[in-house]
>>> print(open('my_file_32.cif').read())   # mmCIF, C-alpha atoms
data_data
loop_
_atom_site.label_atom_id
_atom_site.label_comp_id
_atom_site.auth_asym_id
_atom_site.auth_seq_id
_atom_site.Cartn_x
_atom_site.Cartn_y
_atom_site.Cartn_z
CA MET A 1 17.73 32.97 -27.34
CA ARG A 2 18.92 34.10 -23.93
CA VAL A 3 18.66 31.36 -21.28
CA PRO A 4 17.05 32.62 -18.02
CA ARG A 5 19.10 32.39 -14.89
CA PRO A 6 18.10 29.52 -12.55
CA ARG A 7 16.91 31.94 -9.85
CA LYS A 8 14.51 33.62 -12.26
CA VAL A 9 13.18 30.25 -13.40
CA VAL A 10 12.47 29.24 -9.80
CA LEU A 11 10.70 32.53 -9.11
CA LEU A 12 8.64 32.16 -12.28
CA ILE A 13 7.56 28.61 -11.33
CA ALA A 14 6.67 29.74 -7.83
CA LEU A 15 4.54 32.56 -9.23
CA VAL A 16 2.68 30.21 -11.58
CA VAL A 17 2.05 27.68 -8.80
CA THR A 18 0.74 30.42 -6.50
CA LEU A 19 -1.65 31.72 -9.15
CA VAL A 20 -2.93 28.22 -9.93
CA LEU A 21 -3.50 27.47 -6.26
CA LEU A 22 -5.39 30.72 -5.79
CA CYS A 23 -7.52 29.88 -8.79
CA CYS A 24 -8.21 26.22 -8.30
CA GLY A 25 -7.91 25.45 -4.60
CA GLY A 26 -7.12 22.24 -2.80
CA SER A 27 -7.60 19.79 -5.67
CA VAL A 28 -4.61 21.31 -7.45
CA THR A 29 -2.60 21.07 -4.24
CA VAL A 30 -3.25 17.33 -4.26
CA LEU A 31 -2.13 17.13 -7.89
CA LEU A 32 1.07 19.09 -7.32
CA LEU A 33 2.03 17.31 -4.13
CA GLY A 34 1.14 13.85 -5.40
CA GLY A 35 -1.57 12.94 -2.92
CA THR A 36 -3.62 13.92 0.07
CA GLY A 37 -1.12 12.74 2.64
CA ASP A 38 -3.75 10.29 3.90
CA ASP A 39 -2.28 6.79 3.99
CA ASN A 40 -5.38 5.19 5.47
CA PRO A 41 -6.07 2.18 3.21
CA SER A 42 -9.83 2.46 3.67
CA THR A 43 -9.80 6.08 2.49
CA LEU A 44 -7.60 5.28 -0.48
CA ASN A 45 -9.80 2.37 -1.50
CA ALA A 46 -12.86 4.58 -1.25
CA SER A 47 -11.21 7.06 -3.60
CA LEU A 48 -11.08 4.34 -6.26
CA GLY A 49 -14.87 4.26 -6.33
CA CYS A 50 -15.43 0.56 -5.63
CA GLY A 51 -18.08 0.54 -8.37
CA LYS A 52 -20.22 3.36 -6.98
CA GLY A 53 -20.10 5.20 -10.30
CA GLY A 54 -21.45 2.20 -12.17
CA PRO A 55 -20.22 0.65 -15.42
CA VAL A 56 -19.16 2.90 -18.25
CA ASP A 57 -21.39 3.37 -21.30
CA PRO A 58 -19.98 1.12 -24.07
CA ASP A 59 -20.84 3.81 -26.62
CA SER A 60 -18.94 6.55 -24.79
CA LYS A 61 -15.27 7.41 -25.19
CA LEU A 62 -13.46 4.50 -23.55
CA PRO A 63 -9.99 4.38 -22.00
CA ARG A 64 -7.10 2.68 -23.76
CA ILE A 65 -5.89 -0.29 -21.73
CA ARG A 66 -2.48 -1.64 -22.66
CA SER A 67 -2.51 -3.54 -25.96
CA TYR A 68 -6.29 -3.73 -26.32
CA GLY A 69 -7.94 -1.70 -29.06
CA GLY A 70 -11.14 0.30 -28.93
CA ALA A 71 -13.38 -2.50 -30.21
CA GLN A 72 -11.99 -4.94 -27.65
CA ILE A 73 -12.49 -2.55 -24.75
CA ARG A 74 -16.00 -1.81 -25.97
CA ASN A 75 -16.73 -5.55 -25.89
CA ALA A 76 -15.42 -5.68 -22.32
CA ALA A 77 -17.72 -2.78 -21.44
CA VAL A 78 -20.67 -4.66 -22.93
CA ILE A 79 -19.80 -7.76 -20.87
CA ILE A 80 -19.66 -5.68 -17.68
CA ASN A 81 -22.88 -3.80 -18.44
CA VAL A 82 -24.79 -7.01 -19.16
CA GLY A 83 -23.60 -8.40 -15.82
CA ALA A 84 -24.75 -5.27 -14.02
CA ASP A 85 -28.13 -5.36 -15.77
CA MET A 86 -28.55 -9.00 -14.74
CA GLN A 87 -27.78 -8.14 -11.10
CA MET A 88 -24.60 -10.20 -11.14
CA PRO A 89 -22.01 -9.03 -8.57
CA PRO A 90 -18.66 -7.62 -9.71
CA ARG A 91 -16.74 -10.87 -9.19
CA ALA A 92 -18.84 -12.26 -12.05
CA TRP A 93 -17.73 -9.38 -14.28
CA VAL A 94 -14.07 -10.18 -13.67
CA ILE A 95 -14.68 -13.87 -14.41
CA ALA A 96 -16.59 -13.08 -17.60
CA VAL A 97 -14.01 -10.61 -18.91
CA ALA A 98 -11.14 -13.00 -18.17
CA THR A 99 -13.01 -15.81 -19.93
CA ALA A 100 -13.54 -13.73 -23.06
CA MET A 101 -9.88 -12.68 -22.98
CA GLN A 102 -8.85 -16.33 -23.13
CA GLU A 103 -11.45 -17.43 -25.67
CA SER A 104 -11.26 -14.57 -28.17
CA ARG A 105 -8.95 -11.86 -26.78
CA LEU A 106 -12.14 -9.79 -26.53
CA VAL A 107 -12.61 -9.93 -30.31
CA ASN A 108 -16.08 -10.86 -31.56
CA LEU A 109 -14.95 -13.69 -33.81
CA GLY A 110 -16.97 -15.09 -36.68
CA HIS A 111 -16.33 -18.47 -38.24
CA LEU A 112 -12.63 -18.78 -39.06
CA GLY A 113 -12.91 -21.51 -41.67
CA ASP A 114 -10.22 -24.18 -41.39
CA ARG A 115 -8.81 -22.43 -38.31
CA ASN A 116 -12.09 -22.59 -36.42
CA ASP A 117 -12.47 -24.75 -33.32
CA HIS A 118 -15.47 -26.85 -34.34
CA ASP A 119 -18.32 -24.33 -34.70
CA SER A 120 -17.27 -21.98 -31.88
CA GLN A 121 -17.93 -18.28 -32.49
CA GLY A 122 -18.23 -14.95 -30.72
CA LEU A 123 -16.58 -13.45 -27.65
CA PHE A 124 -16.95 -16.62 -25.59
CA GLN A 125 -16.46 -19.08 -28.47
CA GLN A 126 -19.86 -20.59 -27.80
CA ARG A 127 -20.92 -23.49 -30.03
CA PRO A 128 -24.34 -23.47 -31.70
CA SER A 129 -24.17 -27.26 -31.92
CA SER A 130 -23.95 -27.40 -28.11
CA GLY A 131 -27.11 -25.39 -27.62
CA TRP A 132 -25.67 -21.93 -26.97
CA GLY A 133 -27.79 -20.37 -29.73
CA THR A 134 -27.68 -19.71 -33.45
CA PRO A 135 -24.45 -18.48 -35.08
CA GLU A 136 -25.96 -15.01 -35.33
CA GLN A 137 -26.93 -15.03 -31.65
CA VAL A 138 -23.55 -16.13 -30.25
CA ARG A 139 -21.90 -13.38 -32.33
CA ASP A 140 -24.07 -10.79 -30.56
CA PRO A 141 -21.99 -9.59 -27.56
CA VAL A 142 -25.08 -8.86 -25.46
CA TYR A 143 -26.64 -12.26 -26.14
CA ALA A 144 -23.33 -14.12 -25.65
CA SER A 145 -22.64 -12.34 -22.35
CA THR A 146 -26.16 -13.05 -21.13
CA LYS A 147 -25.80 -16.76 -21.85
CA PHE A 148 -22.43 -16.85 -20.06
CA TYR A 149 -23.86 -15.26 -16.91
CA GLU A 150 -26.95 -17.48 -17.00
CA LYS A 151 -24.73 -20.56 -16.98
CA LEU A 152 -22.42 -19.12 -14.30
CA LYS A 153 -25.40 -18.57 -11.99
CA THR A 154 -26.12 -22.30 -12.04
CA ILE A 155 -22.64 -23.22 -10.70
CA ASP A 156 -22.77 -23.81 -6.95
CA GLY A 157 -20.16 -21.76 -5.11
CA TRP A 158 -18.84 -19.92 -8.16
CA GLN A 159 -18.41 -16.75 -6.06
CA THR A 160 -15.56 -18.27 -4.03
CA MET A 161 -14.04 -20.59 -6.62
CA PRO A 162 -10.68 -19.80 -8.19
CA LEU A 163 -11.50 -17.86 -11.34
CA THR A 164 -10.19 -20.55 -13.66
CA ARG A 165 -12.44 -23.19 -12.07
CA ALA A 166 -15.53 -21.01 -12.34
CA ALA A 167 -14.78 -20.19 -15.98
CA GLN A 168 -14.10 -23.83 -16.79
CA ALA A 169 -17.37 -24.90 -15.19
CA VAL A 170 -19.15 -22.73 -17.74
CA GLN A 171 -16.97 -23.26 -20.79
CA ILE A 172 -15.90 -26.93 -20.45
CA SER A 173 -12.65 -26.14 -22.24
CA ALA A 174 -9.86 -28.49 -23.27
CA TYR A 175 -7.54 -26.11 -21.39
CA PRO A 176 -9.16 -25.76 -17.94
CA ASP A 177 -6.31 -23.81 -16.32
CA ALA A 178 -5.84 -21.29 -19.14
CA TYR A 179 -8.19 -18.67 -17.70
CA ALA A 180 -6.14 -17.96 -14.57
CA LYS A 181 -3.44 -15.93 -16.29
CA HIS A 182 -5.98 -13.33 -17.42
CA GLU A 183 -7.28 -12.52 -13.93
CA PRO A 184 -4.93 -9.57 -13.19
CA MET A 185 -5.66 -7.81 -16.49
CA ALA A 186 -9.39 -8.57 -16.27
CA THR A 187 -9.33 -6.95 -12.83
CA GLN A 188 -7.65 -3.86 -14.27
CA ILE A 189 -10.18 -3.66 -17.09
CA VAL A 190 -13.13 -3.92 -14.70
CA ASN A 191 -11.62 -1.26 -12.45
CA SER A 192 -11.05 1.05 -15.42
CA LEU A 193 -14.52 0.59 -16.92
CA ALA A 194 -16.60 0.34 -13.75
CA ASP A 195 -15.20 2.88 -11.29
CA GLY A 196 -12.99 0.50 -9.33
CA ALA A 197 -15.62 -2.24 -9.03
CA ALA A 198 -12.98 -4.97 -8.69
CA ASN A 199 -12.14 -3.46 -5.28
CA ALA A 200 -15.72 -3.92 -4.10
CA VAL A 201 -16.98 -6.94 -2.17
CA GLY A 202 -16.98 -9.61 -4.84
CA ASP A 203 -20.27 -11.37 -4.08
CA SER A 204 -22.36 -8.32 -3.19
CA LEU A 205 -24.48 -5.97 -5.27
CA ALA A 206 -23.99 -3.16 -2.75
CA MET A 207 -20.80 -1.86 -4.42
CA VAL A 208 -18.95 -1.16 -1.20
CA CYS A 209 -15.21 -1.47 -0.75
CA ALA A 210 -14.12 -4.84 0.59
CA ALA A 211 -13.43 -4.68 4.32
CA SER A 212 -10.92 -6.79 6.22
CA GLY A 213 -11.73 -10.47 5.84
CA GLN A 214 -13.98 -10.03 2.80
CA ILE A 215 -12.92 -11.19 -0.66
CA ALA A 216 -12.81 -8.39 -3.21
CA ALA A 217 -14.06 -8.85 -6.76
CA SER A 218 -10.39 -8.92 -7.74
CA GLY A 219 -10.20 -12.27 -5.95
CA TRP A 220 -7.92 -11.00 -3.16
CA THR A 221 -8.38 -10.88 0.59
CA ILE A 222 -6.20 -10.42 3.67
CA PRO A 223 -4.37 -13.35 5.34
CA LEU A 224 -5.70 -12.36 8.77
CA ARG A 225 -6.98 -9.29 10.56
CA ALA A 226 -4.13 -7.69 12.48
CA GLY A 227 -2.24 -4.44 12.64
CA VAL A 228 0.99 -4.01 10.69
CA GLY A 229 3.95 -4.00 13.05
CA SER A 230 7.39 -3.96 11.48
CA GLY A 231 7.07 -2.57 7.97
CA PHE A 232 8.66 -3.19 4.59
CA ARG A 233 12.34 -2.20 4.34
CA THR A 234 12.21 0.46 7.01
CA SER A 235 15.26 2.51 8.00
CA GLU A 236 15.57 0.33 11.10
CA ARG A 237 15.24 -2.92 9.10
CA PRO A 238 16.27 -2.26 5.49
CA ASN A 239 16.52 -5.99 4.77
CA HIS A 240 13.02 -6.75 6.03
CA HIS A 241 11.37 -7.75 2.74
CA GLY A 242 7.83 -8.09 4.06
CA VAL A 243 5.60 -6.92 6.87
CA ASP A 244 4.85 -8.39 10.29
CA LEU A 245 1.22 -8.84 11.31
CA SER A 246 1.21 -9.25 15.08
CA ILE A 247 -1.56 -11.40 16.54
CA GLY A 248 -2.06 -14.29 18.93
CA LYS A 249 -0.62 -17.75 18.51
CA TYR A 250 -2.78 -20.27 16.63
CA THR A 251 -4.73 -17.58 14.74
CA PRO A 252 -5.78 -19.08 11.37
CA ILE A 253 -3.95 -17.80 8.29
CA GLY A 254 -5.79 -17.63 4.96
CA ALA A 255 -4.44 -17.64 1.42
CA VAL A 256 -4.75 -14.10 0.07
CA ALA A 257 -5.87 -15.26 -3.39
CA SER A 258 -6.38 -18.44 -5.34
CA GLY A 259 -3.24 -20.16 -6.51
CA VAL A 260 -1.01 -23.20 -6.28
CA VAL A 261 1.12 -23.96 -3.24
CA SER A 262 4.68 -23.84 -4.53
CA MET A 263 6.57 -24.49 -1.29
CA VAL A 264 5.95 -25.90 2.17
CA LYS A 265 8.94 -26.39 4.42
CA CYS A 266 10.68 -25.94 7.74
CA ASP A 267 13.26 -23.28 6.96
CA GLU A 268 16.78 -23.86 8.27
CA ASP A 269 18.15 -21.49 10.89
CA PHE A 270 21.60 -19.90 10.75
CA ASN A 271 23.15 -23.10 12.12
CA GLY A 272 21.53 -25.30 9.50
CA ARG A 273 19.03 -26.77 11.95
CA LYS A 274 15.41 -27.49 11.12
CA SER A 275 13.80 -26.92 14.49
CA CYS A 276 10.42 -25.43 13.65
CA ASN A 277 8.22 -27.14 16.23
CA VAL A 278 9.48 -24.87 19.01
CA ASP A 279 9.33 -21.11 19.43
CA GLY A 280 12.26 -19.29 17.89
CA TYR A 281 14.11 -16.19 19.03
CA PRO A 282 15.73 -13.09 17.49
CA GLY A 283 18.96 -13.97 15.76
CA LYS A 284 18.07 -17.63 15.25
CA GLY A 285 17.52 -17.13 11.54
CA GLY A 286 15.08 -18.69 9.13
CA CYS A 287 11.37 -18.40 8.44
CA GLY A 288 10.42 -21.38 10.58
CA TRP A 289 7.43 -23.21 9.17
CA MET A 290 6.63 -21.43 5.91
CA VAL A 291 4.36 -21.55 2.87
CA GLU A 292 4.70 -20.00 -0.58
CA ILE A 293 1.77 -19.70 -3.01
CA LEU A 294 1.96 -18.81 -6.70
CA HIS A 295 -1.02 -16.75 -7.84
CA PRO A 296 -2.27 -15.67 -11.28
CA GLY A 297 0.01 -13.11 -12.88
CA ASN A 298 3.12 -14.82 -11.43
CA VAL A 299 2.63 -13.16 -8.04
CA MET A 300 4.08 -15.18 -5.18
CA THR A 301 3.11 -14.71 -1.54
CA ARG A 302 5.13 -16.01 1.42
CA TYR A 303 3.89 -16.79 4.94
CA CYS A 304 6.45 -17.35 7.73
CA HIS A 305 6.75 -18.38 11.41
CA LEU A 306 3.78 -20.77 11.49
CA VAL A 307 3.29 -22.66 14.74
CA GLN A 308 3.22 -26.14 13.21
CA ARG A 309 3.41 -27.94 9.90
CA PRO A 310 1.11 -26.06 7.47
CA PHE A 311 -2.23 -27.56 6.52
CA VAL A 312 -1.45 -27.52 2.79
CA ARG A 313 0.95 -29.46 0.58
CA GLU A 314 3.02 -28.50 -2.42
CA ASN A 315 1.17 -28.39 -5.78
CA GLN A 316 -2.18 -28.10 -3.99
CA GLN A 317 -4.59 -25.56 -5.45
CA VAL A 318 -6.07 -23.22 -2.85
CA ALA A 319 -8.88 -20.68 -2.93
CA ALA A 320 -8.82 -17.14 -1.57
CA GLY A 321 -9.36 -17.25 2.18
CA GLU A 322 -8.63 -20.98 2.47
CA ILE A 323 -6.86 -21.70 5.77
CA ILE A 324 -3.26 -22.76 5.15
CA GLY A 325 -1.92 -22.81 8.72
CA ARG A 326 -1.80 -21.02 12.06
CA VAL A 327 0.24 -18.17 13.49
CA GLY A 328 3.27 -19.09 15.55
CA SER A 329 6.74 -17.89 16.45
CA SER A 330 9.04 -20.43 14.81
CA GLY A 331 12.34 -19.40 13.28
CA ASN A 332 13.81 -15.90 13.58
CA SER A 333 11.00 -14.48 15.72
CA SER A 334 10.55 -12.52 18.93
CA GLY A 335 6.89 -13.44 19.42
CA PRO A 336 3.75 -14.70 17.67
CA HIS A 337 3.14 -12.98 14.33
CA LEU A 338 2.79 -13.63 10.62
CA HIS A 339 5.63 -12.42 8.43
CA PHE A 340 4.01 -11.79 5.04
CA GLU A 341 5.76 -11.11 1.73
CA VAL A 342 4.67 -10.39 -1.86
CA HIS A 343 6.99 -11.11 -4.80
CA LEU A 344 6.43 -10.26 -8.46
CA ASN A 345 7.39 -12.38 -11.50
CA ASN A 346 7.63 -15.43 -9.22
CA ASP A 347 11.02 -14.10 -8.14
CA ARG A 348 11.65 -15.64 -4.72
CA SER A 349 14.68 -13.45 -4.08
CA SER A 350 14.67 -10.08 -2.35
CA ALA A 351 14.82 -8.45 -5.79
CA GLY A 352 11.27 -9.62 -6.49
CA ALA A 353 9.80 -8.38 -3.20
CA VAL A 354 7.41 -5.40 -3.16
CA ASP A 355 5.70 -3.58 -0.32
CA PRO A 356 2.78 -5.82 0.72
CA VAL A 357 0.80 -2.89 2.13
CA GLN A 358 0.76 -1.01 -1.17
CA PHE A 359 0.27 -4.15 -3.26
CA MET A 360 -2.67 -5.43 -1.23
CA ARG A 361 -4.23 -1.97 -1.16
CA ASN A 362 -4.18 -1.98 -4.96
CA GLN A 363 -6.03 -5.32 -4.97
CA GLY A 364 -8.80 -3.91 -2.78
CA ALA A 365 -7.64 -5.97 0.23
CA SER A 366 -5.98 -3.56 2.63
CA LEU A 367 -3.76 -4.92 5.38
CA GLY A 368 -3.85 -3.52 8.88
CA GLY A 369 -7.27 -4.40 10.27
CA GLU A 370 -9.25 -1.51 8.75
CA GLY A 371 -12.78 -1.99 7.59
#
>>> encode(input="my_file_32.cif", output="structure tokens")
Amino acid sequence: MRVPRPRKVVLLIALVVTLVLLCCGGSVTVLLLGGTGDDNPSTLNASLGCGKGGPVDPDSKLPRIRSYGGAQIRNAAVIINVGADMQMPPRAWVIAVATAMQESRLVNLGHLGDRNDHDSQGLFQQRPSSGWGTPEQVRDPVYASTKFYEKLKTIDGWQTMPLTRAAQAVQISAYPDAYAKHEPMATQIVNSLADGAANAVGDSLAMVCAASGQIAASGWTIPLRAGVGSGFRTSERPNHHGVDLSIGKYTPIGAVASGVVSMVKCDEDFNGRKSCNVDGYPGKGGCGWMVEILHPGNVMTRYCHLVQRPFVRENQQVAAGEIIGRVGSSGNSSGPHLHFEVHLNNDRSSAGAVDPVQFMRNQGASLGGEG
């Protein structure tokens, strides 16, 4: 077979693209160019749906989500639909799906004989002997989901609790912290099956995208409302592994999601000094007063240049939006601002850092003051 010359191949591709564009219009242009060119976080969040399309029909063709099979995803769809029918907001859907992931891996388990945990059965491993219902009832995904939500509704403040605490308040498990690790995947499942509902305001039935300062159903929020100044690894600052949110001194800083405080310290400057109770200056070095929080999914967030010793201590569990300190200008700083970083796999080094703007946008909690 004769191989076409490169120039002919290019001309052929150009002709095909032109014909497709003439036929199909702007939507194909977006597909070919990889986006609309609109980097406004509010617009991009809106394009995810934020639950406006409603939950997917469990009996329809469902998407494949990582290692979960069709029956498991159908069970997740049932859990979400029951929550919607009961007028439970989308944060409840994420909690319920994560709980079932821990209890049964979204498999509707019957009695497992010698391997069974007491008389626990079904998606949520509910025990008939504890009053959850008959064995047949707790193995019915609709019934089991209904009972889970009914119990969740009785828990004061469940909407703002860390997911693992809310789940534990319902389940009373021997492993109270085990639910947290499922939160990121439960969020993805809810987004896939309910038109981006995990990006909606978590405690509202309105299904609107979370605005600045609100907690999304994913469990994420912004640390404070301020415009993004210096960006992530720009050409001017290629070693800037976070973003700077410029705002007045003493502005409260909130944790962006539930988690455990993994570090609180006064960071040394380039001369080895720990002088964080005074304003810093460019070239001094160090983060000044700083906090690191480890979130579900091994995501670590870092907060730098606080004005005084942070309000939290190491190993303390915090909730999304909980105030951890106040904005300052300690360390390597030219003025009051929050330097904010996101690291994956709990990798504290620069290798683990990702763009906070893109990451937070994907959690339904856009930085930059929009909303």
>>> closest_residue(input="my_file_32.cif", among="A:Asn239, A:Ser130, A:Thr164, A:Ser329", to="His295 in chain A", atoms="all atoms listed in the file")
A:Thr164
>>> resolve_selection(input="my_file_32.cif", expression="the PyMOL selection byres ((chain A and resi 63) around 8)", output="number ranges by chain")
A: 61-62, 64-65, 73, 192-193
>>> resolve_selection(input="my_file_32.cif", expression="the PyMOL selection byres ((chain A and resi 253) around 8)", output="mmCIF file with C-alpha atoms, keeping the file's coordinate frame")
data_model
loop_
_atom_site.group_PDB
_atom_site.id
_atom_site.type_symbol
_atom_site.label_atom_id
_atom_site.label_comp_id
_atom_site.auth_asym_id
_atom_site.auth_seq_id
_atom_site.Cartn_x
_atom_site.Cartn_y
_atom_site.Cartn_z
ATOM 1 C CA PRO A 223 -4.370 -13.350 5.340
ATOM 2 C CA LEU A 224 -5.700 -12.360 8.770
ATOM 3 C CA THR A 251 -4.730 -17.580 14.740
ATOM 4 C CA PRO A 252 -5.780 -19.080 11.370
ATOM 5 C CA GLY A 254 -5.790 -17.630 4.960
ATOM 6 C CA ALA A 255 -4.440 -17.640 1.420
ATOM 7 C CA ILE A 323 -6.860 -21.700 5.770
ATOM 8 C CA ILE A 324 -3.260 -22.760 5.150
ATOM 9 C CA GLY A 325 -1.920 -22.810 8.720
ATOM 10 C CA ARG A 326 -1.800 -21.020 12.060
ATOM 11 C CA VAL A 327 0.240 -18.170 13.490
#
>>> closest_residue(input="my_file_32.cif", among="A:Gly219, A:Pro128, A:Gly331, A:Pro184", to="Glu268 in chain A", atoms="only C-alpha atoms")
A:Gly331
>>> residues_near_point(input="my_file_32.cif", point="(-17.5, -11.9, -3.6)", cutoff="7 Å", atoms="all atoms listed in the file", output="mmCIF file with C-alpha atoms, in the frame of the given file")
data_model
loop_
_atom_site.group_PDB
_atom_site.id
_atom_site.type_symbol
_atom_site.label_atom_id
_atom_site.label_comp_id
_atom_site.auth_asym_id
_atom_site.auth_seq_id
_atom_site.Cartn_x
_atom_site.Cartn_y
_atom_site.Cartn_z
ATOM 1 C CA ARG A 91 -16.740 -10.870 -9.190
ATOM 2 C CA GLN A 159 -18.410 -16.750 -6.060
ATOM 3 C CA THR A 160 -15.560 -18.270 -4.030
ATOM 4 C CA VAL A 201 -16.980 -6.940 -2.170
ATOM 5 C CA GLY A 202 -16.980 -9.610 -4.840
ATOM 6 C CA ASP A 203 -20.270 -11.370 -4.080
ATOM 7 C CA SER A 204 -22.360 -8.320 -3.190
ATOM 8 C CA ILE A 215 -12.920 -11.190 -0.660
ATOM 9 C CA ALA A 216 -12.810 -8.390 -3.210
ATOM 10 C CA ALA A 217 -14.060 -8.850 -6.760
#
>>> closest_residue(input="my_file_32.cif", among="A:Glu103, A:Glu183, A:Asp267, A:Asp57", to="Gln363 in chain A", atoms="all atoms listed in the file")
A:Glu183
>>> closest_residue(input="my_file_32.cif", among="A:Met290, A:Met360, A:Ala169, A:Leu163", to="Ser330 in chain A", atoms="all atoms listed in the file")
A:Met290
>>> resolve_selection(input="my_file_32.cif", expression="the PyMOL selection byres ((chain A and resi 285) around 6)", output="PDB file with C-alpha atoms, in the coordinates of the input")
ATOM      1  CA  ASP A 269      18.150 -21.490  10.890  1.00  0.00           C
ATOM      2  CA  PHE A 270      21.600 -19.900  10.750  1.00  0.00           C
ATOM      3  CA  GLY A 283      18.960 -13.970  15.760  1.00  0.00           C
ATOM      4  CA  LYS A 284      18.070 -17.630  15.250  1.00  0.00           C
ATOM      5  CA  GLY A 286      15.080 -18.690   9.130  1.00  0.00           C
ATOM      6  CA  GLY A 331      12.340 -19.400  13.280  1.00  0.00           C
ATOM      7  CA  ASN A 332      13.810 -15.900  13.580  1.00  0.00           C
TER       8      ASN A 332
END
>>> atom_distance(input="my_file_32.cif", atom1="CA of Arg165 in chain A", atom2="CA of His343 in chain A")
24.0 Å
>>> closest_residue(input="my_file_32.cif", among="A:Leu123, A:Leu205, A:Ala71, A:Ala365", to="Asp85 in chain A", atoms="only C-alpha atoms")
A:Leu205
>>> residues_around(input="my_file_32.cif", residues="Met263 in chain A", least_positions_apart="6", cutoff="8 Å", atoms="only C-alpha atoms", output="ChimeraX atom specification")
/A:290-293,313-314
>>> axis_aligned_box(input="my_file_32.cif", around="range 149-168 of chain A", padding_each_side="6 Å", output="lines of an AutoDock Vina configuration file")
center_x = -18.6
center_y = -19.5
center_z = -10.5
size_x = 28.8
size_y = 20.6
size_z = 25.0
>>> closest_residue(input="my_file_32.cif", among="A:Ser262, A:Ser230, A:Gln317, A:Asn271", to="Asp355 in chain A", atoms="all atoms listed in the file")
A:Ser230
>>> atom_distance(input="my_file_32.cif", atom1="CA of Ala77 in chain A", atom2="CA of Lys52 in chain A")
15.9 Å
>>> residues_around(input="my_file_32.cif", residues="Gly54 in chain A", least_positions_apart="3", cutoff="8 Å", atoms="only C-alpha atoms", output="list in words")
Gly51, Ala194, Asp195 and Ala197 of chain A
>>> atom_distance(input="my_file_32.cif", atom1="CA of Asn345 in chain A", atom2="CA of Leu294 in chain A")
9.7 Å
>>> residues_near_point(input="my_file_32.cif", point="(-3.9, -18.6, -18.1)", cutoff="10 Å", atoms="all atoms listed in the file", output="list of chain:residue names")
A:Ala98, A:Thr99, A:Met101, A:Gln102, A:Thr164, A:Tyr175, A:Pro176, A:Asp177, A:Ala178, A:Tyr179, A:Ala180, A:Lys181, A:His182, A:Glu183, A:Pro296, A:Gly297
>>> residues_around(input="my_file_32.cif", residues="Glu136 in chain A", least_positions_apart="4", cutoff="12 Å", atoms="all atoms listed in the file", output="list in words")
Asn108, Leu109, Gly110, His111, Ser120, Gln121, Gly122, Gln126, Arg127, Pro128, Trp132, Asp140, Pro141, Val142, Tyr143 and Ala144 of chain A
>>> decode(input="my_file_32.cif", residues="range 352-364 of chain A", atoms="N, CA and C atoms", output="PDB file, in the first residue's frame")
ATOM      1  N   GLY A 352       4.089  16.429  44.720  1.00  0.00           N
ATOM      2  CA  GLY A 352       2.692  16.103  44.988  1.00  0.00           C
ATOM      3  C   GLY A 352       1.730  17.244  44.751  1.00  0.00           C
ATOM      4  N   ALA A 353       2.259  18.448  44.491  1.00  0.00           N
ATOM      5  CA  ALA A 353       1.403  19.628  44.360  1.00  0.00           C
ATOM      6  C   ALA A 353       0.665  19.638  43.026  1.00  0.00           C
ATOM      7  N   VAL A 354      -0.608  20.049  43.067  1.00  0.00           N
ATOM      8  CA  VAL A 354      -1.413  20.232  41.860  1.00  0.00           C
ATOM      9  C   VAL A 354      -2.011  21.633  41.899  1.00  0.00           C
ATOM     10  N   ASP A 355      -2.502  22.074  40.757  1.00  0.00           N
ATOM     11  CA  ASP A 355      -3.078  23.416  40.656  1.00  0.00           C
ATOM     12  C   ASP A 355      -4.331  23.510  41.537  1.00  0.00           C
ATOM     13  N   PRO A 356      -4.303  24.330  42.587  1.00  0.00           N
ATOM     14  CA  PRO A 356      -5.476  24.428  43.461  1.00  0.00           C
ATOM     15  C   PRO A 356      -6.727  24.938  42.759  1.00  0.00           C
ATOM     16  N   VAL A 357      -6.562  25.809  41.767  1.00  0.00           N
ATOM     17  CA  VAL A 357      -7.735  26.353  41.075  1.00  0.00           C
ATOM     18  C   VAL A 357      -8.494  25.234  40.370  1.00  0.00           C
ATOM     19  N   GLN A 358      -7.779  24.409  39.616  1.00  0.00           N
ATOM     20  CA  GLN A 358      -8.426  23.316  38.899  1.00  0.00           C
ATOM     21  C   GLN A 358      -8.972  22.272  39.865  1.00  0.00           C
ATOM     22  N   PHE A 359      -8.187  21.938  40.884  1.00  0.00           N
ATOM     23  CA  PHE A 359      -8.632  20.916  41.840  1.00  0.00           C
ATOM     24  C   PHE A 359      -9.909  21.350  42.546  1.00  0.00           C
ATOM     25  N   MET A 360      -9.923  22.566  43.063  1.00  0.00           N
ATOM     26  CA  MET A 360     -11.090  23.032  43.807  1.00  0.00           C
ATOM     27  C   MET A 360     -12.307  23.175  42.897  1.00  0.00           C
ATOM     28  N   ARG A 361     -12.079  23.572  41.666  1.00  0.00           N
ATOM     29  CA  ARG A 361     -13.176  23.647  40.694  1.00  0.00           C
ATOM     30  C   ARG A 361     -13.821  22.276  40.527  1.00  0.00           C
ATOM     31  N   ASN A 362     -13.000  21.235  40.476  1.00  0.00           N
ATOM     32  CA  ASN A 362     -13.528  19.883  40.302  1.00  0.00           C
ATOM     33  C   ASN A 362     -14.303  19.393  41.519  1.00  0.00           C
ATOM     34  N   GLN A 363     -14.062  20.012  42.675  1.00  0.00           N
ATOM     35  CA  GLN A 363     -14.806  19.638  43.884  1.00  0.00           C
ATOM     36  C   GLN A 363     -16.086  20.454  44.043  1.00  0.00           C
ATOM     37  N   GLY A 364     -16.344  21.363  43.103  1.00  0.00           N
ATOM     38  CA  GLY A 364     -17.515  22.218  43.211  1.00  0.00           C
ATOM     39  C   GLY A 364     -17.312  23.390  44.145  1.00  0.00           C
TER      40      GLY A 364
END
